[in-house]
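Novice: This one is my_file.pdb, PDB, C-alpha atoms, pLDDT in the B column.
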```pdb
ATOM      1  CA  MET A   1    -125.523 226.998   9.507  1.00 73.00           C
ATOM      2  CA  GLU A   2    -127.842 228.965   7.236  1.00 78.00           C
ATOM      3  CA  ARG A   3    -130.751 226.588   7.810  1.00 79.00           C
ATOM      4  CA  TRP A   4    -130.730 227.443  11.515  1.00 85.00           C
ATOM      5  CA  GLN A   5    -131.042 231.201  11.016  1.00 84.00           C
ATOM      6  CA  ASN A   6    -133.850 232.590  13.214  1.00 84.00           C
ATOM      7  CA  LYS A   7    -134.783 229.092  14.402  1.00 87.00           C
ATOM      8  CA  VAL A   8    -135.594 228.603  18.069  1.00 90.00           C
ATOM      9  CA  ALA A   9    -133.014 226.915  20.301  1.00 92.00           C
ATOM     10  CA  VAL A  10    -133.680 226.010  23.934  1.00 93.00           C
ATOM     11  CA  VAL A  11    -130.581 225.821  26.142  1.00 94.00           C
ATOM     12  CA  THR A  12    -130.891 224.431  29.654  1.00 93.00           C
ATOM     13  CA  GLY A  13    -128.416 225.458  32.335  1.00 92.00           C
ATOM     14  CA  ALA A  14    -127.834 228.698  30.456  1.00 93.00           C
ATOM     15  CA  SER A  15    -126.783 230.696  33.523  1.00 92.00           C
ATOM     16  CA  SER A  16    -123.221 229.388  33.791  1.00 91.00           C
ATOM     17  CA  GLY A  17    -120.454 227.227  32.341  1.00 93.00           C
ATOM     18  CA  ILE A  18    -121.087 225.235  29.176  1.00 94.00           C
ATOM     19  CA  GLY A  19    -124.677 226.461  28.914  1.00 94.00           C
ATOM     20  CA  VAL A  20    -123.575 230.094  28.738  1.00 94.00           C
ATOM     21  CA  ALA A  21    -120.991 229.342  26.065  1.00 95.00           C
ATOM     22  CA  ILE A  22    -123.520 227.463  23.917  1.00 95.00           C
ATOM     23  CA  ALA A  23    -126.176 230.159  24.316  1.00 95.00           C
ATOM     24  CA  LYS A  24    -123.730 232.886  23.260  1.00 95.00           C
ATOM     25  CA  ASP A  25    -122.521 230.965  20.210  1.00 95.00           C
ATOM     26  CA  PHE A  26    -126.089 230.201  19.141  1.00 95.00           C
ATOM     27  CA  VAL A  27    -126.950 233.888  19.398  1.00 95.00           C
ATOM     28  CA  LYS A  28    -123.896 234.827  17.326  1.00 93.00           C
ATOM     29  CA  ALA A  29    -124.971 232.264  14.717  1.00 93.00           C
ATOM     30  CA  GLY A  30    -128.358 233.964  14.340  1.00 92.00           C
ATOM     31  CA  LEU A  31    -130.581 231.596  16.319  1.00 92.00           C
ATOM     32  CA  GLN A  32    -133.359 232.760  18.613  1.00 92.00           C
ATOM     33  CA  VAL A  33    -132.176 231.384  21.952  1.00 94.00           C
ATOM     34  CA  ILE A  34    -134.296 230.670  25.009  1.00 94.00           C
ATOM     35  CA  GLY A  35    -132.047 230.246  28.028  1.00 95.00           C
ATOM     36  CA  LEU A  36    -133.463 228.182  30.873  1.00 95.00           C
ATOM     37  CA  ALA A  37    -132.125 228.136  34.426  1.00 94.00           C
ATOM     38  CA  ARG A  38    -133.183 228.587  38.022  1.00 94.00           C
ATOM     39  CA  ARG A  39    -130.987 231.688  38.172  1.00 94.00           C
ATOM     40  CA  LYS A  40    -132.860 233.643  35.522  1.00 94.00           C
ATOM     41  CA  ASP A  41    -131.214 236.906  36.584  1.00 94.00           C
ATOM     42  CA  LEU A  42    -127.790 235.599  35.533  1.00 95.00           C
ATOM     43  CA  ILE A  43    -129.064 234.933  32.008  1.00 94.00           C
ATOM     44  CA  GLU A  44    -130.480 238.451  31.902  1.00 95.00           C
ATOM     45  CA  ASN A  45    -127.042 239.796  32.863  1.00 94.00           C
ATOM     46  CA  ILE A  46    -125.500 237.773  30.035  1.00 93.00           C
ATOM     47  CA  ARG A  47    -128.043 239.202  27.590  1.00 94.00           C
ATOM     48  CA  ASN A  48    -127.220 242.750  28.701  1.00 93.00           C
ATOM     49  CA  ASP A  49    -123.537 242.098  27.972  1.00 92.00           C
ATOM     50  CA  LEU A  50    -124.294 241.094  24.365  1.00 93.00           C
ATOM     51  CA  PRO A  51    -123.951 243.606  21.511  1.00 93.00           C
ATOM     52  CA  ALA A  52    -127.075 245.768  21.334  1.00 93.00           C
ATOM     53  CA  ASP A  53    -128.205 244.238  18.038  1.00 93.00           C
ATOM     54  CA  LYS A  54    -128.022 240.698  19.489  1.00 93.00           C
ATOM     55  CA  ARG A  55    -129.815 241.150  22.819  1.00 94.00           C
ATOM     56  CA  SER A  56    -133.245 240.426  21.362  1.00 94.00           C
ATOM     57  CA  HIS A  57    -131.974 236.987  20.317  1.00 94.00           C
ATOM     58  CA  LEU A  58    -131.667 235.778  23.929  1.00 95.00           C
ATOM     59  CA  THR A  59    -134.704 235.274  26.152  1.00 95.00           C
ATOM     60  CA  ALA A  60    -134.280 234.301  29.800  1.00 95.00           C
ATOM     61  CA  MET A  61    -136.850 231.997  31.422  1.00 96.00           C
ATOM     62  CA  TYR A  62    -136.976 230.338  34.813  1.00 96.00           C
ATOM     63  CA  CYS A  63    -136.947 226.537  34.838  1.00 95.00           C
ATOM     64  CA  ASP A  64    -136.054 223.890  37.387  1.00 95.00           C
ATOM     65  CA  VAL A  65    -135.402 220.781  35.286  1.00 90.00           C
ATOM     66  CA  CYS A  66    -135.774 218.621  38.399  1.00 91.00           C
ATOM     67  CA  ASN A  67    -139.429 219.661  38.614  1.00 95.00           C
ATOM     68  CA  ILE A  68    -141.734 218.267  35.911  1.00 93.00           C
ATOM     69  CA  GLU A  69    -144.329 220.976  36.594  1.00 95.00           C
ATOM     70  CA  SER A  70    -141.707 223.668  36.078  1.00 95.00           C
ATOM     71  CA  VAL A  71    -140.609 222.050  32.807  1.00 92.00           C
ATOM     72  CA  ASN A  72    -144.166 221.749  31.487  1.00 92.00           C
ATOM     73  CA  GLN A  73    -144.974 225.336  32.456  1.00 93.00           C
ATOM     74  CA  VAL A  74    -141.961 226.796  30.718  1.00 92.00           C
ATOM     75  CA  PHE A  75    -142.575 224.837  27.509  1.00 88.00           C
ATOM     76  CA  ASP A  76    -146.215 225.919  27.510  1.00 89.00           C
ATOM     77  CA  LYS A  77    -144.882 229.477  27.683  1.00 91.00           C
ATOM     78  CA  ILE A  78    -142.392 228.839  24.882  1.00 89.00           C
ATOM     79  CA  ILE A  79    -145.157 227.447  22.662  1.00 84.00           C
ATOM     80  CA  LYS A  80    -147.302 230.507  23.327  1.00 86.00           C
ATOM     81  CA  GLU A  81    -144.586 233.101  22.761  1.00 87.00           C
ATOM     82  CA  PHE A  82    -142.610 231.345  20.013  1.00 83.00           C
ATOM     83  CA  ASP A  83    -145.153 229.838  17.637  1.00 67.00           C
ATOM     84  CA  SER A  84    -142.470 228.334  15.388  1.00 58.00           C
ATOM     85  CA  PHE A  85    -141.504 226.059  18.285  1.00 53.00           C
ATOM     86  CA  LYS A  86    -144.970 224.600  18.859  1.00 45.00           C
ATOM     87  CA  TYR A  87    -144.217 221.181  17.364  1.00 40.00           C
ATOM     88  CA  GLN A  88    -140.716 220.926  18.787  1.00 42.00           C
ATOM     89  CA  CYS A  89    -142.073 220.902  22.330  1.00 37.00           C
ATOM     90  CA  HIS A  90    -143.397 217.376  22.265  1.00 34.00           C
ATOM     91  CA  GLY A  91    -140.048 215.644  22.552  1.00 33.00           C
ATOM     92  CA  TYR A  92    -139.287 217.478  25.790  1.00 33.00           C
ATOM     93  CA  CYS A  93    -142.596 217.488  27.630  1.00 34.00           C
ATOM     94  CA  GLY A  94    -143.058 213.776  28.170  1.00 36.00           C
ATOM     95  CA  MET A  95    -145.608 213.518  25.347  1.00 38.00           C
ATOM     96  CA  HIS A  96    -145.165 210.770  22.760  1.00 43.00           C
ATOM     97  CA  PRO A  97    -144.802 212.527  19.382  1.00 46.00           C
ATOM     98  CA  THR A  98    -146.591 211.462  16.223  1.00 47.00           C
ATOM     99  CA  ARG A  99    -144.990 211.441  12.760  1.00 49.00           C
ATOM    100  CA  ILE A 100    -146.877 214.652  11.883  1.00 74.00           C
ATOM    101  CA  GLN A 101    -145.586 216.474  14.975  1.00 55.00           C
ATOM    102  CA  ILE A 102    -141.906 215.642  14.333  1.00 59.00           C
ATOM    103  CA  ASN A 103    -141.789 216.249  10.588  1.00 66.00           C
ATOM    104  CA  PHE A 104    -139.313 219.117  10.780  1.00 72.00           C
ATOM    105  CA  ASN A 105    -135.561 219.592  10.947  1.00 81.00           C
ATOM    106  CA  GLY A 106    -134.320 219.680  14.505  1.00 88.00           C
ATOM    107  CA  HIS A 107    -131.411 218.647  16.676  1.00 92.00           C
ATOM    108  CA  ILE A 108    -131.357 217.455  20.286  1.00 93.00           C
ATOM    109  CA  ILE A 109    -127.954 217.621  21.965  1.00 94.00           C
ATOM    110  CA  ASN A 110    -127.348 215.924  25.305  1.00 94.00           C
ATOM    111  CA  VAL A 111    -124.386 217.242  27.273  1.00 94.00           C
ATOM    112  CA  ASN A 112    -122.842 214.022  28.502  1.00 95.00           C
ATOM    113  CA  SER A 113    -119.345 213.410  29.909  1.00 93.00           C
ATOM    114  CA  ILE A 114    -116.422 211.029  29.664  1.00 92.00           C
ATOM    115  CA  ALA A 115    -117.992 209.748  32.875  1.00 90.00           C
ATOM    116  CA  GLY A 116    -120.696 208.336  30.617  1.00 93.00           C
ATOM    117  CA  HIS A 117    -118.115 205.998  29.104  1.00 92.00           C
ATOM    118  CA  ALA A 118    -115.824 205.223  32.031  1.00 87.00           C
ATOM    119  CA  VAL A 119    -116.088 205.341  35.828  1.00 85.00           C
ATOM    120  CA  LEU A 120    -114.185 208.394  37.005  1.00 77.00           C
ATOM    121  CA  PRO A 121    -111.489 207.816  39.623  1.00 70.00           C
ATOM    122  CA  GLY A 122    -111.172 210.101  42.597  1.00 64.00           C
ATOM    123  CA  ILE A 123    -108.147 212.128  43.594  1.00 63.00           C
ATOM    124  CA  PRO A 124    -105.176 209.741  43.947  1.00 63.00           C
ATOM    125  CA  GLN A 125    -104.834 208.152  47.402  1.00 63.00           C
ATOM    126  CA  LEU A 126    -108.167 209.581  48.540  1.00 65.00           C
ATOM    127  CA  LEU A 127    -111.565 207.926  48.763  1.00 67.00           C
ATOM    128  CA  PRO A 128    -113.411 208.359  45.414  1.00 67.00           C
ATOM    129  CA  THR A 129    -116.042 211.096  45.588  1.00 69.00           C
ATOM    130  CA  THR A 130    -117.699 210.780  42.186  1.00 75.00           C
ATOM    131  CA  ASN A 131    -120.324 208.413  43.647  1.00 81.00           C
ATOM    132  CA  ILE A 132    -123.467 208.400  41.469  1.00 87.00           C
ATOM    133  CA  TYR A 133    -122.108 210.836  38.866  1.00 87.00           C
ATOM    134  CA  SER A 134    -120.750 208.182  36.494  1.00 90.00           C
ATOM    135  CA  PRO A 135    -123.917 206.017  36.616  1.00 93.00           C
ATOM    136  CA  THR A 136    -126.099 209.028  35.776  1.00 93.00           C
ATOM    137  CA  LYS A 137    -123.903 209.936  32.820  1.00 94.00           C
ATOM    138  CA  HIS A 138    -123.947 206.325  31.609  1.00 95.00           C
ATOM    139  CA  ALA A 139    -127.731 206.728  31.628  1.00 95.00           C
ATOM    140  CA  VAL A 140    -127.388 209.707  29.282  1.00 94.00           C
ATOM    141  CA  THR A 141    -125.379 207.518  26.898  1.00 96.00           C
ATOM    142  CA  ALA A 142    -128.133 204.892  26.898  1.00 96.00           C
ATOM    143  CA  MET A 143    -130.900 207.491  26.654  1.00 94.00           C
ATOM    144  CA  THR A 144    -129.336 209.040  23.563  1.00 95.00           C
ATOM    145  CA  GLU A 145    -129.298 205.674  21.795  1.00 96.00           C
ATOM    146  CA  ILE A 146    -132.903 204.956  22.808  1.00 95.00           C
ATOM    147  CA  TYR A 147    -134.052 208.277  21.353  1.00 93.00           C
ATOM    148  CA  ARG A 148    -132.033 207.660  18.185  1.00 94.00           C
ATOM    149  CA  GLN A 149    -133.856 204.379  17.655  1.00 95.00           C
ATOM    150  CA  GLU A 150    -137.255 205.954  18.329  1.00 92.00           C
ATOM    151  CA  LEU A 151    -136.630 208.871  15.965  1.00 91.00           C
ATOM    152  CA  ARG A 152    -135.360 206.488  13.286  1.00 91.00           C
ATOM    153  CA  GLU A 153    -138.479 204.319  13.462  1.00 90.00           C
ATOM    154  CA  LEU A 154    -140.676 207.419  13.320  1.00 88.00           C
ATOM    155  CA  ARG A 155    -138.740 208.519  10.210  1.00 88.00           C
ATOM    156  CA  SER A 156    -138.065 211.823  11.900  1.00 88.00           C
ATOM    157  CA  LYS A 157    -135.789 214.527  10.538  1.00 88.00           C
ATOM    158  CA  ILE A 158    -134.671 215.307  14.076  1.00 90.00           C
ATOM    159  CA  LYS A 159    -131.092 214.427  14.916  1.00 92.00           C
ATOM    160  CA  ILE A 160    -129.863 213.490  18.368  1.00 94.00           C
ATOM    161  CA  SER A 161    -126.281 213.767  19.565  1.00 95.00           C
ATOM    162  CA  SER A 162    -124.358 213.288  22.773  1.00 95.00           C
ATOM    163  CA  ILE A 163    -121.246 215.305  23.517  1.00 95.00           C
ATOM    164  CA  SER A 164    -118.898 213.874  26.134  1.00 96.00           C
ATOM    165  CA  PRO A 165    -116.235 216.309  27.330  1.00 95.00           C
ATOM    166  CA  GLY A 166    -113.484 215.572  29.785  1.00 89.00           C
ATOM    167  CA  PHE A 167    -112.976 217.914  32.711  1.00 87.00           C
ATOM    168  CA  VAL A 168    -114.171 221.436  31.925  1.00 90.00           C
ATOM    169  CA  ASP A 169    -113.100 224.578  33.774  1.00 85.00           C
ATOM    170  CA  THR A 170    -116.398 225.474  35.446  1.00 81.00           C
ATOM    171  CA  ASP A 171    -117.608 226.180  38.974  1.00 78.00           C
ATOM    172  CA  ILE A 172    -118.293 222.472  39.559  1.00 76.00           C
ATOM    173  CA  VAL A 173    -114.534 221.750  39.738  1.00 73.00           C
ATOM    174  CA  PHE A 174    -113.566 222.094  43.391  1.00 72.00           C
ATOM    175  CA  ASP A 175    -110.118 223.317  44.487  1.00 73.00           C
ATOM    176  CA  GLY A 176    -108.661 219.914  45.372  1.00 70.00           C
ATOM    177  CA  LEU A 177    -109.639 218.436  42.014  1.00 71.00           C
ATOM    178  CA  ARG A 178    -108.455 221.526  40.164  1.00 71.00           C
ATOM    179  CA  LYS A 179    -105.035 221.105  41.777  1.00 74.00           C
ATOM    180  CA  ALA A 180    -104.919 217.406  40.878  1.00 71.00           C
ATOM    181  CA  LEU A 181    -105.826 218.198  37.275  1.00 71.00           C
ATOM    182  CA  ASP A 182    -102.943 220.682  37.105  1.00 74.00           C
ATOM    183  CA  GLU A 183    -105.216 223.039  35.117  1.00 77.00           C
ATOM    184  CA  CYS A 184    -105.482 220.473  32.302  1.00 85.00           C
ATOM    185  CA  MET A 185    -109.114 221.252  31.560  1.00 88.00           C
ATOM    186  CA  LEU A 186    -111.193 222.244  28.585  1.00 90.00           C
ATOM    187  CA  ARG A 187    -112.837 225.647  28.479  1.00 93.00           C
ATOM    188  CA  PRO A 188    -116.634 225.918  28.122  1.00 94.00           C
ATOM    189  CA  GLU A 189    -115.998 227.536  24.742  1.00 96.00           C
ATOM    190  CA  ASP A 190    -114.209 224.373  23.570  1.00 96.00           C
ATOM    191  CA  VAL A 191    -117.362 222.353  24.195  1.00 96.00           C
ATOM    192  CA  SER A 192    -119.540 224.959  22.518  1.00 95.00           C
ATOM    193  CA  ASN A 193    -117.300 224.952  19.433  1.00 96.00           C
ATOM    194  CA  ALA A 194    -117.836 221.203  19.174  1.00 96.00           C
ATOM    195  CA  VAL A 195    -121.602 221.669  19.494  1.00 95.00           C
ATOM    196  CA  MET A 196    -121.523 224.217  16.671  1.00 95.00           C
ATOM    197  CA  PHE A 197    -119.756 221.652  14.500  1.00 95.00           C
ATOM    198  CA  MET A 198    -122.422 219.079  15.341  1.00 94.00           C
ATOM    199  CA  ILE A 199    -125.281 221.280  14.197  1.00 93.00           C
ATOM    200  CA  SER A 200    -123.429 222.412  11.063  1.00 93.00           C
ATOM    201  CA  THR A 201    -123.327 218.921   9.542  1.00 94.00           C
ATOM    202  CA  PRO A 202    -125.522 218.141   6.491  1.00 93.00           C
ATOM    203  CA  PRO A 203    -129.073 216.886   7.141  1.00 90.00           C
ATOM    204  CA  HIS A 204    -128.091 213.254   6.464  1.00 92.00           C
ATOM    205  CA  VAL A 205    -125.094 213.301   8.832  1.00 94.00           C
ATOM    206  CA  GLN A 206    -125.617 212.637  12.532  1.00 94.00           C
ATOM    207  CA  ILE A 207    -122.760 212.747  15.017  1.00 95.00           C
ATOM    208  CA  HIS A 208    -124.025 210.261  17.552  1.00 95.00           C
ATOM    209  CA  ASP A 209    -121.412 210.813  20.243  1.00 94.00           C
ATOM    210  CA  MET A 210    -118.340 212.994  20.415  1.00 96.00           C
ATOM    211  CA  ILE A 211    -115.665 212.649  23.097  1.00 95.00           C
ATOM    212  CA  ILE A 212    -113.388 215.642  23.547  1.00 95.00           C
ATOM    213  CA  LYS A 213    -110.550 215.994  26.036  1.00 93.00           C
ATOM    214  CA  HIS A 214    -107.776 218.369  26.981  1.00 90.00           C
ATOM    215  CA  MET A 215    -104.409 217.213  25.668  1.00 88.00           C
ATOM    216  CA  GLY A 216    -103.327 216.552  29.259  1.00 82.00           C
ATOM    217  CA  GLU A 217    -106.523 214.742  30.347  1.00 79.00           C
ATOM    218  CA  ILE A 218    -105.853 212.291  33.204  1.00 74.00           C
ATOM    219  CA  VAL A 219    -108.844 210.008  32.537  1.00 70.00           C
ATOM    220  CA  GLN A 220    -108.399 207.383  29.839  1.00 65.00           C
TER     221      GLN A 220
END
```
What does the file become when written as structure tokens?
Specialist:
Amino acid sequence: MERWQNKVAVVTGASSGIGVAIAKDFVKAGLQVIGLARRKDLIENIRNDLPADKRSHLTAMYCDVCNIESVNQVFDKIIKEFDSFKYQCHGYCGMHPTRIQINFNGHIINVNSIAGHAVLPGIPQLLPTTNIYSPTKHAVTAMTEIYRQELRELRSKIKISSISPGFVDTDIVFDGLRKALDECMLRPEDVSNAVMFMISTPPHVQIHDMIIKHMGEIVQ
């Protein structure tokens, strides 16, 4: 983890759930974390709860990832305020990177799901409600492989990984599903621990996809 000390990490969805857990662990590991979310105030509350000597390692910024203008604006701001990140921006802003611009150590981690590998069933004896969720997560699986091939051909030092957790105890789990799962869910911290393992691997080792489940997971 030493090579990531004081490096810039951008965490989307950093106001709740898995995003919060990852942001906190990155801060503890000595990274300079930029937390992105629509609910910027929640990230600021998280920063205020950190030990005093760690608060400067978390910066809250507003971003709506569904809005390309919002994404471009926030990365322009990151480039301006965090000069060490200026070349890392290109992979996120829709700009095709050149070999010069990606000649640095980096790691892109896509938070996927077991739904990216299998179609999730609904609650037993009820009409399935997952709808488009599984297809979108399958797209993340494909996208990760596409980026891996692109980065390989560009001879980039940037790794890309996909982490696919089973059900995680976050606000997205509604009461009926929570009851059906019988509390057999991962914690956000479990996912973050796996992410920390991913980024701690040697430069030549890339964990392409990791599936993690609770011991009592109901989805195969």
Novice: So how far away is atom CA of A:His117 from atom CA of A:Lys137, in Å?
Specialist: 7.9 Å
Novice: Report, in Å to a single decimal, how far apart atom CA of A:Gly35 and atom CA of A:Val11 are.
Specialist: 5.0 Å
Novice: One number please: atom CA of A:Ser161 to atom CA of A:Glu145, in Å, one decimal.
Specialist: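 These atoms are spaced 8.9 Å apart.
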Novice: List the residues selected by the PyMOL selection byres ((chain A and resi 216) around 9) in the file shown, writing them as a list in words.
Specialist: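 On the file shown, the PyMOL selection byres ((chain A and resi 216) around 9) covers Leu181, Asp182, Glu183, Cys184, Met185, Lys213, His214, Met215, Glu217 and Ile218 of chain A.
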Novice: Those residues with C-alpha atoms, as a PDB file, in the frame of the given file please?
Specialist:
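New file again_4.pdb:
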```pdb
ATOM      1  CA  LEU A 181    -105.826 218.198  37.275  1.00 71.00           C
ATOM      2  CA  ASP A 182    -102.943 220.682  37.105  1.00 74.00           C
ATOM      3  CA  GLU A 183    -105.216 223.039  35.117  1.00 77.00           C
ATOM      4  CA  CYS A 184    -105.482 220.473  32.302  1.00 85.00           C
ATOM      5  CA  MET A 185    -109.114 221.252  31.560  1.00 88.00           C
ATOM      6  CA  LYS A 213    -110.550 215.994  26.036  1.00 93.00           C
ATOM      7  CA  HIS A 214    -107.776 218.369  26.981  1.00 90.00           C
ATOM      8  CA  MET A 215    -104.409 217.213  25.668  1.00 88.00           C
ATOM      9  CA  GLU A 217    -106.523 214.742  30.347  1.00 79.00           C
ATOM     10  CA  ILE A 218    -105.853 212.291  33.204  1.00 74.00           C
TER      11      ILE A 218
END
```
Novice: Under the rule that all atoms listed in the file are counted, which of A:Thr59, A:Asn193, A:Asn45, A:Thr136 is the nearest residue to A:Pro165?
Specialist: A:Asn193
Novice: Taking (-123.7, 225.3, 27.5) in the coordinates of the supplied file, I want to know which residues reach to within 12 Å of it, counting only C-alpha atoms; could you give the answer as a PDB file with C-alpha atoms, keeping the file's coordinate frame?
Specialist:
```
ATOM      1  CA  ALA A   9    -133.014 226.915  20.301  1.00 92.00           C
ATOM      2  CA  VAL A  10    -133.680 226.010  23.934  1.00 93.00           C
ATOM      3  CA  VAL A  11    -130.581 225.821  26.142  1.00 94.00           C
ATOM      4  CA  THR A  12    -130.891 224.431  29.654  1.00 93.00           C
ATOM      5  CA  GLY A  13    -128.416 225.458  32.335  1.00 92.00           C
ATOM      6  CA  ALA A  14    -127.834 228.698  30.456  1.00 93.00           C
ATOM      7  CA  SER A  15    -126.783 230.696  33.523  1.00 92.00           C
ATOM      8  CA  SER A  16    -123.221 229.388  33.791  1.00 91.00           C
ATOM      9  CA  GLY A  17    -120.454 227.227  32.341  1.00 93.00           C
ATOM     10  CA  ILE A  18    -121.087 225.235  29.176  1.00 94.00           C
ATOM     11  CA  GLY A  19    -124.677 226.461  28.914  1.00 94.00           C
ATOM     12  CA  VAL A  20    -123.575 230.094  28.738  1.00 94.00           C
ATOM     13  CA  ALA A  21    -120.991 229.342  26.065  1.00 95.00           C
ATOM     14  CA  ILE A  22    -123.520 227.463  23.917  1.00 95.00           C
ATOM     15  CA  ALA A  23    -126.176 230.159  24.316  1.00 95.00           C
ATOM     16  CA  LYS A  24    -123.730 232.886  23.260  1.00 95.00           C
ATOM     17  CA  ASP A  25    -122.521 230.965  20.210  1.00 95.00           C
ATOM     18  CA  PHE A  26    -126.089 230.201  19.141  1.00 95.00           C
ATOM     19  CA  VAL A  33    -132.176 231.384  21.952  1.00 94.00           C
ATOM     20  CA  GLY A  35    -132.047 230.246  28.028  1.00 95.00           C
ATOM     21  CA  LEU A  36    -133.463 228.182  30.873  1.00 95.00           C
ATOM     22  CA  ALA A  37    -132.125 228.136  34.426  1.00 94.00           C
ATOM     23  CA  ILE A  43    -129.064 234.933  32.008  1.00 94.00           C
ATOM     24  CA  ILE A 109    -127.954 217.621  21.965  1.00 94.00           C
ATOM     25  CA  ASN A 110    -127.348 215.924  25.305  1.00 94.00           C
ATOM     26  CA  VAL A 111    -124.386 217.242  27.273  1.00 94.00           C
ATOM     27  CA  ASN A 112    -122.842 214.022  28.502  1.00 95.00           C
ATOM     28  CA  ILE A 163    -121.246 215.305  23.517  1.00 95.00           C
ATOM     29  CA  PRO A 165    -116.235 216.309  27.330  1.00 95.00           C
ATOM     30  CA  VAL A 168    -114.171 221.436  31.925  1.00 90.00           C
ATOM     31  CA  THR A 170    -116.398 225.474  35.446  1.00 81.00           C
ATOM     32  CA  ARG A 187    -112.837 225.647  28.479  1.00 93.00           C
ATOM     33  CA  PRO A 188    -116.634 225.918  28.122  1.00 94.00           C
ATOM     34  CA  GLU A 189    -115.998 227.536  24.742  1.00 96.00           C
ATOM     35  CA  ASP A 190    -114.209 224.373  23.570  1.00 96.00           C
ATOM     36  CA  VAL A 191    -117.362 222.353  24.195  1.00 96.00           C
ATOM     37  CA  SER A 192    -119.540 224.959  22.518  1.00 95.00           C
ATOM     38  CA  ASN A 193    -117.300 224.952  19.433  1.00 96.00           C
ATOM     39  CA  ALA A 194    -117.836 221.203  19.174  1.00 96.00           C
ATOM     40  CA  VAL A 195    -121.602 221.669  19.494  1.00 95.00           C
ATOM     41  CA  MET A 196    -121.523 224.217  16.671  1.00 95.00           C
TER      42      MET A 196
END
```
Novice: Check which residues satisfy the PyMOL selection byres ((chain A and resi 63) around 10) in the file shown, then give them as a list of chain:residue names.
Specialist: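 That selection, the PyMOL selection byres ((chain A and resi 63) around 10), comes back as A:Thr12, A:Gly13, A:Gly35, A:Leu36, A:Ala37, A:Arg38, A:Arg39, A:Lys40, A:Ala60, A:Met61, A:Tyr62, A:Asp64, A:Val65, A:Cys66, A:Asn67, A:Ile68, A:Glu69, A:Ser70, A:Val71, A:Asn72, A:Gln73, A:Val74, A:Phe75.
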Novice: A:Val27, A:Ile211, A:Lys77, A:Gln32: which is nearest A:Pro51, counting all atoms listed in the file?
Specialist: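 Of the candidates, the smallest distance to A:Pro51 is held by A:Val27.
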Novice: Go through A:Val219, A:Ile207, A:Val119, A:Ala29 one by one, measure the shortest atom-to-atom distance of each to A:Gly166 using all atoms listed in the file, and give the residue with the smallest value.
Specialist: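 Closest to A:Gly166, using all atoms listed in the file: A:Val219.
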Novice: Set up a box along x, y and z of the file covering all listed atoms of stretch 106-112 of chain A, add 6 Å on every one of the six sides, and write the centre and edge lengths in Å to one decimal, as lines of an AutoDock Vina configuration file.
Specialist:
```
center_x = -128.6
center_y = 216.9
center_z = 21.5
size_x = 23.5
size_y = 17.7
size_z = 26.0
```
Novice: Counting all atoms listed in the file, figure out which residue out of A:Ser156, A:Thr144, A:Gln206, A:Asn131 gets nearest to A:Phe104.
Specialist: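 Closest candidate: A:Ser156.
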Novice: With distances taken over all atoms listed in the file, which of A:Asn105, A:Ser56, A:Ser113, A:Thr141 is nearest to A:His204?
Specialist: A:Asn105
Novice: Using all atoms listed in the file, which of A:Val205, A:Leu120, A:Leu186, A:Ile212 sits nearest A:Asp169?
Specialist: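 With all atoms listed in the file as the atom set, the closest residue is A:Leu186.
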